Amino acid sequence: MRTRGAWGGRRVARCLPPWTAVHRSAGSTPAPRPELPTPAPTADANANLLPFLHEHFSLDGFRAGQEETIRAVLGGSDALVVLPTGAGKSLIYQLPALLLPGLTVVVSPLIALMKDQTDKLDELGVDAWTINSAQSAREQREAEQAVMGGEGKILYVTPERFRDRDFFEVLLDREVSLFVVDEAHCVSQWGHDFRPDYMMLGGIAERLGRPPVLALTATASPQVRDDVTHQLRMRDPFTWVGELIRPNLFLEVQPTVNESQKDAALEQVLRKAEGTGIVYVATVKEAERIHQEFGRRHRLALYHGKLGAKERHEAQDRFMAGEVKAVVATNAFGLGIDKPDIRFIVHYHFPGSMESYYQEAARAGRDGEPSRCVVLYREEDRGVQGYFLGGKYPDLDEAIATARIVNRMPLTEKRPLDEIADMAEVPRRKARIVLTLLKRHGMVREHRGGLWERLAPDVAAADLSRELQDYETRRTQDRVKLEEMVRYCRTARCRTRLILAYFGEEHDEAWTCGHCDNCVAPRVEGMTAAAEAPAIAAESFAPVPSADGDALSAGDEVAHGTFGEGLVLAVVGDKAEVDFEGHGTRMIRLDFLSRIE
Ligand SMILES: [Zn+2]
């Protein structure tokens, strides 16, 4: 039953929550702004779509957000949709694709995702194609020829495909009725999966005759949404933001003070949790260590970017088949994983932002069944993430170094990215971003196979200061995001409320979700079943004689029988919010605390 599925029942989707009002006035399905060129005539946006839905997709009804967006798109509007994975985003373009006269181009970040989609569409009898680098040259040519000959209602491509001029020529010969950007947060340089080629998509849509642009993503903060709208040059998009929070996900954080305590906590989760899950770790090295050590007692798979394609496929297959207790993985694992019954997600290291965290955690329990999302928090892990922050964007020196090397290239020669990066002594990823910026300024041209050609006499004359300043801002922003993530781990209040606030939905102080550790068992009790840190024995939890009657206040140092020494952050009624070294912030009854003089 796909019409209800994981997302039926309890979810209440809202059209245009208050914060989307920045994009457009709340309420109705939009009409194109009058000053813009009228879009090509499209299918009737008012038609009854249900019979069509049933006939082509064997579904009996729409899920929240689907029909509203489909009508907006059929009416010629741009649309931005934020819906969790599994909530039916694909249908939002697949159905219009069948009704619209021309081709629907879907830009997707991963070849594996496209393959999944085209396979499913094949089963439904929908004429869908993909052109990608995993195909042989002959297959690619055949696909191009078919598309050129007018075949195909839907065409899946990666953003990198648009670098290929022959391919672009093919597209220019076709009427493109809808331009879809899947995983659209990759467009945003504020997003955690930023892909430089996504930056070009706004311009590409325009060269394709500017059909309606539909951006789809699973997670996007208001800032990322604004950036997506801006980067894709969307015009007053219809915006739909689905319900973020799912009550079947139990959110918890287990504070740990050292690696052995953390390992013990992981051991508990692996023993207790039902079904299959994912253990996310920050580095390849740690993934390998955990896989090896815990692999002695549990059936585990290992997945990270440094494994060969074959090993990764094997790990994924075993995971999908439920043959393993868990896959130990870096964040390379997960995008496009469509396994509805993932029962637990453990973050052995917390990720660098709430976006990353929630995107990864929400892979659990898509079938609507109870699932656990556990962070094993350790203060020192902040350093692990801080390390990554330095490495994402080029700074001025790196931009200059790259530009200098490009300037030395003879005008007609093409040079590979690797060589440019090596000579500039700039990491490949950063050199690629600099080259992409230069490309936007018309200073260089990119050719097949990662080859670059200098076009301008003096590349160093390009003024990249604005972009580089952007990167500086972004670095600062990344640090802020990391702090938000730490806050999530340390809070003694409802975790869901904090996630909602982060994504722009405010609730008052009294609001609680009822499905996080802090709601179910306030930390004053310390030892909730869920938050139990094994190294802290429950027996050791005994009341400490209360202090001499002096009222505690913020700034006082206190001791607690289980959590040791801490700092009072605030006193609320008969409880204090105390920050304990290694145990996070907890609400503790005053008579369980003694003042340290
Ligand atoms: Zn809660």
# chains A, B, ... in the order shown; residues from 1 in each chain; ligands from 1
$ residues_near_ligand --ligand "ligand 1" --cutoff "12 Å" --atoms "only C-alpha atoms and all ligand atoms" --output "VMD selection string"
chain A and resid 245 to 247 249 to 253 488 491 to 500 507 509 to 523
$ write_last_selection --atoms "C-alpha atoms" --output "PDB file, in the first residue's frame"
ATOM      1  CA  ILE A 245       9.644  14.851  12.439  1.00  0.00           C
ATOM      2  CA  ARG A 246       8.473  11.267  12.626  1.00  0.00           C
ATOM      3  CA  PRO A 247       7.182  10.034  15.958  1.00  0.00           C
ATOM      4  CA  LEU A 249      12.013   7.664  15.570  1.00  0.00           C
ATOM      5  CA  PHE A 250      13.325   7.644  19.115  1.00  0.00           C
ATOM      6  CA  LEU A 251      16.070  10.265  19.412  1.00  0.00           C
ATOM      7  CA  GLU A 252      18.752   9.781  22.026  1.00  0.00           C
ATOM      8  CA  VAL A 253      22.248  10.877  22.902  1.00  0.00           C
ATOM      9  CA  TYR A 488      21.753  19.137  20.170  1.00  0.00           C
ATOM     10  CA  THR A 491      20.755  19.701  25.572  1.00  0.00           C
ATOM     11  CA  ALA A 492      18.654  18.480  28.455  1.00  0.00           C
ATOM     12  CA  ARG A 493      15.482  19.626  26.711  1.00  0.00           C
ATOM     13  CA  CYS A 494      13.364  18.012  24.045  1.00  0.00           C
ATOM     14  CA  ARG A 495      15.634  17.099  21.140  1.00  0.00           C
ATOM     15  CA  THR A 496      12.855  17.217  18.587  1.00  0.00           C
ATOM     16  CA  ARG A 497      12.030  20.758  19.569  1.00  0.00           C
ATOM     17  CA  LEU A 498      15.625  21.695  18.916  1.00  0.00           C
ATOM     18  CA  ILE A 499      15.620  20.052  15.476  1.00  0.00           C
ATOM     19  CA  LEU A 500      12.385  21.798  14.552  1.00  0.00           C
ATOM     20  CA  HIS A 507       7.575  25.800  19.585  1.00  0.00           C
ATOM     21  CA  GLU A 509       9.211  26.054  26.018  1.00  0.00           C
ATOM     22  CA  ALA A 510       6.563  23.692  27.256  1.00  0.00           C
ATOM     23  CA  TRP A 511       6.333  21.743  23.990  1.00  0.00           C
ATOM     24  CA  THR A 512       7.620  18.189  24.159  1.00  0.00           C
ATOM     25  CA  CYS A 513       7.719  15.431  21.556  1.00  0.00           C
ATOM     26  CA  GLY A 514       7.419  12.376  23.757  1.00  0.00           C
ATOM     27  CA  HIS A 515       9.846  10.367  21.644  1.00  0.00           C
ATOM     28  CA  CYS A 516      13.279  11.556  22.685  1.00  0.00           C
ATOM     29  CA  ASP A 517      15.350  10.521  25.691  1.00  0.00           C
ATOM     30  CA  ASN A 518      14.941  13.866  27.413  1.00  0.00           C
ATOM     31  CA  CYS A 519      11.161  13.814  27.069  1.00  0.00           C
ATOM     32  CA  VAL A 520      10.611  10.206  28.016  1.00  0.00           C
ATOM     33  CA  ALA A 521      12.917  10.246  31.009  1.00  0.00           C
ATOM     34  CA  PRO A 522      14.251  13.627  32.017  1.00  0.00           C
ATOM     35  CA  ARG A 523      17.907  13.350  32.678  1.00  0.00           C
TER      36      ARG A 523
END
$ residues_around --residues "Ser177 of chain A" --least-positions-apart "6" --cutoff "9 Å" --atoms "only C-alpha atoms" --output "PyMOL selection string"
chain A and resi 40+42+97+100-105+209-212
$ write_last_selection --atoms "N, CA and C atoms" --output "compact mmCIF listing (two decimals), in the first residue's frame"
# COMPACT_ATOMS: atom_id res chain seq x y z
N ALA A 40 5.23 27.43 -21.99
CA ALA A 40 4.55 26.69 -23.05
C ALA A 40 3.28 26.07 -22.48
N THR A 42 0.72 23.69 -21.13
CA THR A 42 0.96 22.41 -20.49
C THR A 42 -0.37 21.72 -20.26
N ALA A 97 5.50 14.34 -15.99
CA ALA A 97 6.29 13.97 -17.17
C ALA A 97 5.43 13.25 -18.20
N LEU A 100 3.00 16.13 -19.75
CA LEU A 100 3.59 17.25 -20.48
C LEU A 100 4.02 16.82 -21.88
N PRO A 101 4.00 17.74 -22.84
CA PRO A 101 4.29 17.34 -24.21
C PRO A 101 5.74 16.95 -24.46
N GLY A 102 6.67 17.62 -23.80
CA GLY A 102 8.08 17.38 -24.12
C GLY A 102 8.76 16.46 -23.13
N LEU A 103 10.07 16.60 -23.09
CA LEU A 103 10.90 15.74 -22.25
C LEU A 103 11.04 16.32 -20.84
N THR A 104 11.03 15.46 -19.84
CA THR A 104 11.35 15.88 -18.47
C THR A 104 12.77 15.45 -18.18
N VAL A 105 13.64 16.44 -17.91
CA VAL A 105 15.03 16.14 -17.60
C VAL A 105 15.20 16.14 -16.09
N GLY A 209 15.54 26.64 -22.75
CA GLY A 209 14.24 27.27 -23.01
C GLY A 209 13.48 27.59 -21.75
N ARG A 210 14.13 27.43 -20.63
CA ARG A 210 13.59 27.74 -19.32
C ARG A 210 12.19 27.14 -19.09
N PRO A 211 12.13 25.80 -19.09
CA PRO A 211 10.89 25.16 -18.65
C PRO A 211 10.74 25.39 -17.15
N PRO A 212 9.59 25.04 -16.55
CA PRO A 212 9.46 25.12 -15.10
C PRO A 212 10.58 24.30 -14.43
$ select_by_dssp --residues "segment 140-262 of chain A" --states "alpha helix (DSSP H)" --output "MDAnalysis selection string"
chainID A and resid 140:148 165:172 201:207 222:231 259:262
$ write_last_selection --atoms "N, CA and C atoms" --output "mmCIF file, in the first residue's frame"
data_model
loop_
_atom_site.group_PDB
_atom_site.id
_atom_site.type_symbol
_atom_site.label_atom_id
_atom_site.label_comp_id
_atom_site.auth_asym_id
_atom_site.auth_seq_id
_atom_site.Cartn_x
_atom_site.Cartn_y
_atom_site.Cartn_z
ATOM 1 N N GLN A 140 25.777 4.793 -24.446
ATOM 2 C CA GLN A 140 25.514 6.228 -24.329
ATOM 3 C C GLN A 140 25.035 6.794 -25.665
ATOM 4 N N ARG A 141 25.722 6.351 -26.729
ATOM 5 C CA ARG A 141 25.365 6.844 -28.062
ATOM 6 C C ARG A 141 23.933 6.424 -28.421
ATOM 7 N N GLU A 142 23.632 5.183 -28.111
ATOM 8 C CA GLU A 142 22.282 4.691 -28.409
ATOM 9 C C GLU A 142 21.214 5.484 -27.664
ATOM 10 N N ALA A 143 21.518 5.736 -26.403
ATOM 11 C CA ALA A 143 20.556 6.499 -25.603
ATOM 12 C C ALA A 143 20.404 7.909 -26.175
ATOM 13 N N GLU A 144 21.534 8.512 -26.523
ATOM 14 C CA GLU A 144 21.473 9.867 -27.099
ATOM 15 C C GLU A 144 20.638 9.882 -28.372
ATOM 16 N N GLN A 145 20.875 8.850 -29.183
ATOM 17 C CA GLN A 145 20.153 8.781 -30.443
ATOM 18 C C GLN A 145 18.642 8.613 -30.228
ATOM 19 N N ALA A 146 18.323 7.778 -29.264
ATOM 20 C CA ALA A 146 16.906 7.552 -28.964
ATOM 21 C C ALA A 146 16.253 8.854 -28.505
ATOM 22 N N VAL A 147 16.935 9.560 -27.608
ATOM 23 C CA VAL A 147 16.384 10.811 -27.088
ATOM 24 C C VAL A 147 16.261 11.832 -28.218
ATOM 25 N N MET A 148 17.296 11.853 -29.079
ATOM 26 C CA MET A 148 17.272 12.792 -30.201
ATOM 27 C C MET A 148 16.100 12.479 -31.126
ATOM 28 N N ARG A 165 29.380 18.587 -24.664
ATOM 29 C CA ARG A 165 28.689 19.447 -25.637
ATOM 30 C C ARG A 165 27.793 18.679 -26.596
ATOM 31 N N ASP A 166 28.247 17.485 -26.988
ATOM 32 C CA ASP A 166 27.429 16.681 -27.900
ATOM 33 C C ASP A 166 26.089 16.362 -27.259
ATOM 34 N N PHE A 167 26.171 16.026 -25.982
ATOM 35 C CA PHE A 167 24.941 15.721 -25.262
ATOM 36 C C PHE A 167 24.028 16.949 -25.216
ATOM 37 N N PHE A 168 24.650 18.088 -24.970
ATOM 38 C CA PHE A 168 23.858 19.304 -24.873
ATOM 39 C C PHE A 168 23.149 19.607 -26.195
ATOM 40 N N GLU A 169 23.856 19.364 -27.299
ATOM 41 C CA GLU A 169 23.247 19.555 -28.620
ATOM 42 C C GLU A 169 21.984 18.696 -28.767
ATOM 43 N N VAL A 170 22.107 17.466 -28.290
ATOM 44 C CA VAL A 170 20.972 16.547 -28.358
ATOM 45 C C VAL A 170 19.774 17.145 -27.629
ATOM 46 N N LEU A 171 20.051 17.656 -26.437
ATOM 47 C CA LEU A 171 18.960 18.208 -25.638
ATOM 48 C C LEU A 171 18.342 19.434 -26.296
ATOM 49 N N LEU A 172 19.204 20.234 -26.922
ATOM 50 C CA LEU A 172 18.692 21.461 -27.546
ATOM 51 C C LEU A 172 17.708 21.157 -28.668
ATOM 52 N N LEU A 201 23.448 24.706 -13.034
ATOM 53 C CA LEU A 201 22.141 24.216 -13.492
ATOM 54 C C LEU A 201 21.139 25.332 -13.803
ATOM 55 N N GLY A 202 21.217 26.425 -13.035
ATOM 56 C CA GLY A 202 20.303 27.539 -13.303
ATOM 57 C C GLY A 202 20.453 28.031 -14.734
ATOM 58 N N GLY A 203 21.716 28.209 -15.152
ATOM 59 C CA GLY A 203 22.008 28.667 -16.515
ATOM 60 C C GLY A 203 21.597 27.635 -17.548
ATOM 61 N N ILE A 204 21.797 26.374 -17.219
ATOM 62 C CA ILE A 204 21.459 25.307 -18.173
ATOM 63 C C ILE A 204 19.953 25.276 -18.430
ATOM 64 N N ALA A 205 19.181 25.415 -17.374
ATOM 65 C CA ALA A 205 17.717 25.434 -17.550
ATOM 66 C C ALA A 205 17.329 26.570 -18.496
ATOM 67 N N GLU A 206 18.011 27.701 -18.367
ATOM 68 C CA GLU A 206 17.677 28.829 -19.252
ATOM 69 C C GLU A 206 18.015 28.515 -20.700
ATOM 70 N N ARG A 207 19.161 27.864 -20.915
ATOM 71 C CA ARG A 207 19.533 27.539 -22.297
ATOM 72 C C ARG A 207 18.611 26.480 -22.888
ATOM 73 N N PRO A 222 15.975 26.834 6.178
ATOM 74 C CA PRO A 222 15.494 27.993 5.414
ATOM 75 C C PRO A 222 16.610 28.626 4.594
ATOM 76 N N GLN A 223 17.796 28.657 5.147
ATOM 77 C CA GLN A 223 18.919 29.256 4.429
ATOM 78 C C GLN A 223 19.260 28.468 3.158
ATOM 79 N N VAL A 224 19.278 27.144 3.280
ATOM 80 C CA VAL A 224 19.576 26.313 2.113
ATOM 81 C C VAL A 224 18.463 26.469 1.077
ATOM 82 N N ARG A 225 17.224 26.554 1.545
ATOM 83 C CA ARG A 225 16.108 26.724 0.598
ATOM 84 C C ARG A 225 16.259 28.024 -0.190
ATOM 85 N N ASP A 226 16.606 29.088 0.516
ATOM 86 C CA ASP A 226 16.820 30.364 -0.164
ATOM 87 C C ASP A 226 17.931 30.238 -1.193
ATOM 88 N N ASP A 227 18.990 29.538 -0.796
ATOM 89 C CA ASP A 227 20.136 29.417 -1.679
ATOM 90 C C ASP A 227 19.787 28.579 -2.915
ATOM 91 N N VAL A 228 19.019 27.520 -2.720
ATOM 92 C CA VAL A 228 18.592 26.677 -3.847
ATOM 93 C C VAL A 228 17.784 27.525 -4.833
ATOM 94 N N THR A 229 16.838 28.295 -4.288
ATOM 95 C CA THR A 229 15.999 29.157 -5.123
ATOM 96 C C THR A 229 16.851 30.125 -5.931
ATOM 97 N N HIS A 230 17.839 30.689 -5.247
ATOM 98 C CA HIS A 230 18.709 31.681 -5.884
ATOM 99 C C HIS A 230 19.604 31.033 -6.937
ATOM 100 N N GLN A 231 20.267 29.944 -6.562
ATOM 101 C CA GLN A 231 21.224 29.305 -7.481
ATOM 102 C C GLN A 231 20.544 28.749 -8.725
ATOM 103 N N GLU A 259 37.004 6.343 24.712
ATOM 104 C CA GLU A 259 36.696 5.407 23.639
ATOM 105 C C GLU A 259 36.130 4.092 24.172
ATOM 106 N N SER A 260 36.661 3.618 25.285
ATOM 107 C CA SER A 260 36.183 2.317 25.760
ATOM 108 C C SER A 260 34.732 2.421 26.226
ATOM 109 N N GLN A 261 34.387 3.562 26.812
ATOM 110 C CA GLN A 261 32.993 3.746 27.218
ATOM 111 C C GLN A 261 32.079 3.821 25.986
ATOM 112 N N LYS A 262 32.618 4.487 24.982
ATOM 113 C CA LYS A 262 31.840 4.610 23.755
ATOM 114 C C LYS A 262 31.649 3.238 23.102
#
$ residues_around --residues "Asp381 of chain A" --least-positions-apart "2" --cutoff "10 Å" --atoms "only C-alpha atoms" --output "MDAnalysis selection string"
chainID A and resid 282 348:351 376:379 383:387 486
$ write_last_selection --atoms "C-alpha atoms" --output "mmCIF file, in the first residue's frame"
data_model
loop_
_atom_site.group_PDB
_atom_site.id
_atom_site.type_symbol
_atom_site.label_atom_id
_atom_site.label_comp_id
_atom_site.auth_asym_id
_atom_site.auth_seq_id
_atom_site.Cartn_x
_atom_site.Cartn_y
_atom_site.Cartn_z
ATOM 1 C CA ALA A 282 33.636 10.076 10.749
ATOM 2 C CA TYR A 348 29.652 6.918 16.632
ATOM 3 C CA HIS A 349 30.850 10.435 15.863
ATOM 4 C CA PHE A 350 28.364 13.248 15.542
ATOM 5 C CA PRO A 351 28.345 14.849 12.088
ATOM 6 C CA LEU A 376 27.391 8.480 21.070
ATOM 7 C CA TYR A 377 28.585 11.872 22.147
ATOM 8 C CA ARG A 378 32.067 12.635 23.242
ATOM 9 C CA GLU A 379 33.247 16.175 23.752
ATOM 10 C CA GLY A 383 37.929 18.136 16.974
ATOM 11 C CA VAL A 384 37.219 15.411 14.392
ATOM 12 C CA GLN A 385 34.589 17.588 12.728
ATOM 13 C CA GLY A 386 36.647 20.752 13.149
ATOM 14 C CA TYR A 387 39.355 19.031 11.173
ATOM 15 C CA VAL A 486 26.989 20.055 19.759
#
$ atom_distance --atom1 "atom CA of Leu110 of chain A" --atom2 "atom CA of Arg195 of chain A"
11.4 Å
$ closest_residue --among "A:Ala218, A:Val327, A:Ala551, A:Ile400" --to "Lys430 of chain A" --atoms "only C-alpha atoms"
A:Ile400
$ select_by_dssp --residues "segment 381-509 of chain A" --states "strand (DSSP E or B)" --output "PyMOL selection string"
chain A and resi 414-416+444-447+451-454
$ closest_residue --among "A:Leu99, A:Val257, A:Arg343, A:Leu216" --to "Phe563 of chain A" --atoms "only C-alpha atoms"
A:Val257
$ residues_around --residues "Gly365 of chain A" --least-positions-apart "3" --cutoff "6 Å" --atoms "only C-alpha atoms" --output "PyMOL selection string"
chain A and resi 341-343+368-369+371
$ write_last_selection --atoms "C-alpha atoms" --output "short mmCIF file (atom, residue, chain, number, x, y, z; two decimals), in the first residue's frame"
data_model
loop_
_atom_site.label_atom_id
_atom_site.label_comp_id
_atom_site.auth_asym_id
_atom_site.auth_seq_id
_atom_site.Cartn_x
_atom_site.Cartn_y
_atom_site.Cartn_z
CA ASP A 341 13.06 -1.27 7.76
CA ILE A 342 16.31 0.19 9.05
CA ARG A 343 15.82 -0.18 12.81
CA GLY A 368 6.79 3.72 10.32
CA GLU A 369 7.89 1.11 12.87
CA SER A 371 13.42 2.82 15.39
#
$ residues_around --residues "Leu113 of chain A" --least-positions-apart "2" --cutoff "12 Å" --atoms "only C-alpha atoms" --output "count of residues only"
25
$ atom_distance --atom1 "atom CA of Asp478 of chain A" --atom2 "atom CA of Leu396 of chain A"
17.9 Å
$ closest_residue --among "A:Leu437, A:Ala137, A:Ala47, A:Leu307" --to "Met199 of chain A" --atoms "only C-alpha atoms"
A:Leu437
$ closest_residue --among "A:Asp236, A:Glu68, A:Glu243, A:Glu323" --to "Pro96 of chain A" --atoms "only C-alpha atoms"
A:Glu68
$ atom_distance --atom1 "atom CA of Gln135 of chain A" --atom2 "atom CA of His56 of chain A"
27.9 Å
$ closest_residue --among "A:Thr85, A:Glu55, A:Val375, A:Val73" --to "Gly242 of chain A" --atoms "only C-alpha atoms"
A:Thr85
$ closest_residue --among "A:Glu160, A:Arg372, A:Gln254, A:Gly305" --to "Lys272 of chain A" --atoms "only C-alpha atoms"
A:Arg372
$ residues_around --residues "Ala403 of chain A" --least-positions-apart "6" --cutoff "10 Å" --atoms "only C-alpha atoms" --output "number ranges by chain"
A: 397, 420, 424, 431, 434-435, 438, 454, 458-462
$ write_last_selection --atoms "N, CA and C atoms" --output "compact mmCIF listing (two decimals), in the first residue's frame"
# COMPACT_ATOMS: atom_id res chain seq x y z
N ASP A 397 44.75 32.18 -1.06
CA ASP A 397 46.06 31.67 -1.49
C ASP A 397 45.90 30.49 -2.45
N ILE A 420 46.87 20.06 -12.71
CA ILE A 420 46.76 21.45 -12.25
C ILE A 420 46.81 21.50 -10.73
N ALA A 424 49.78 23.20 -8.53
CA ALA A 424 49.42 24.33 -7.66
C ALA A 424 49.58 23.96 -6.18
N ALA A 431 40.90 22.76 -5.99
CA ALA A 431 41.31 23.24 -7.31
C ALA A 431 40.11 23.19 -8.26
N VAL A 434 37.90 26.15 -7.69
CA VAL A 434 38.48 27.36 -8.28
C VAL A 434 38.26 27.36 -9.80
N LEU A 435 38.51 26.21 -10.43
CA LEU A 435 38.32 26.12 -11.89
C LEU A 435 36.86 26.36 -12.26
N LEU A 438 36.28 29.97 -12.20
CA LEU A 438 36.87 30.60 -13.38
C LEU A 438 36.01 30.33 -14.62
N ARG A 454 42.62 26.93 -20.92
CA ARG A 454 42.57 28.35 -20.59
C ARG A 454 42.00 29.13 -21.78
N ASP A 458 44.69 36.44 -19.32
CA ASP A 458 45.16 36.49 -17.93
C ASP A 458 44.04 36.06 -16.97
N VAL A 459 44.12 34.82 -16.57
CA VAL A 459 43.10 34.26 -15.70
C VAL A 459 43.10 34.93 -14.34
N ALA A 460 44.32 35.37 -13.93
CA ALA A 460 44.43 35.98 -12.60
C ALA A 460 43.66 37.29 -12.52
N ALA A 461 43.25 37.81 -13.70
CA ALA A 461 42.50 39.05 -13.68
C ALA A 461 41.05 38.86 -13.23
N ALA A 462 40.64 37.59 -13.20
CA ALA A 462 39.27 37.34 -12.76
C ALA A 462 39.10 37.79 -11.32
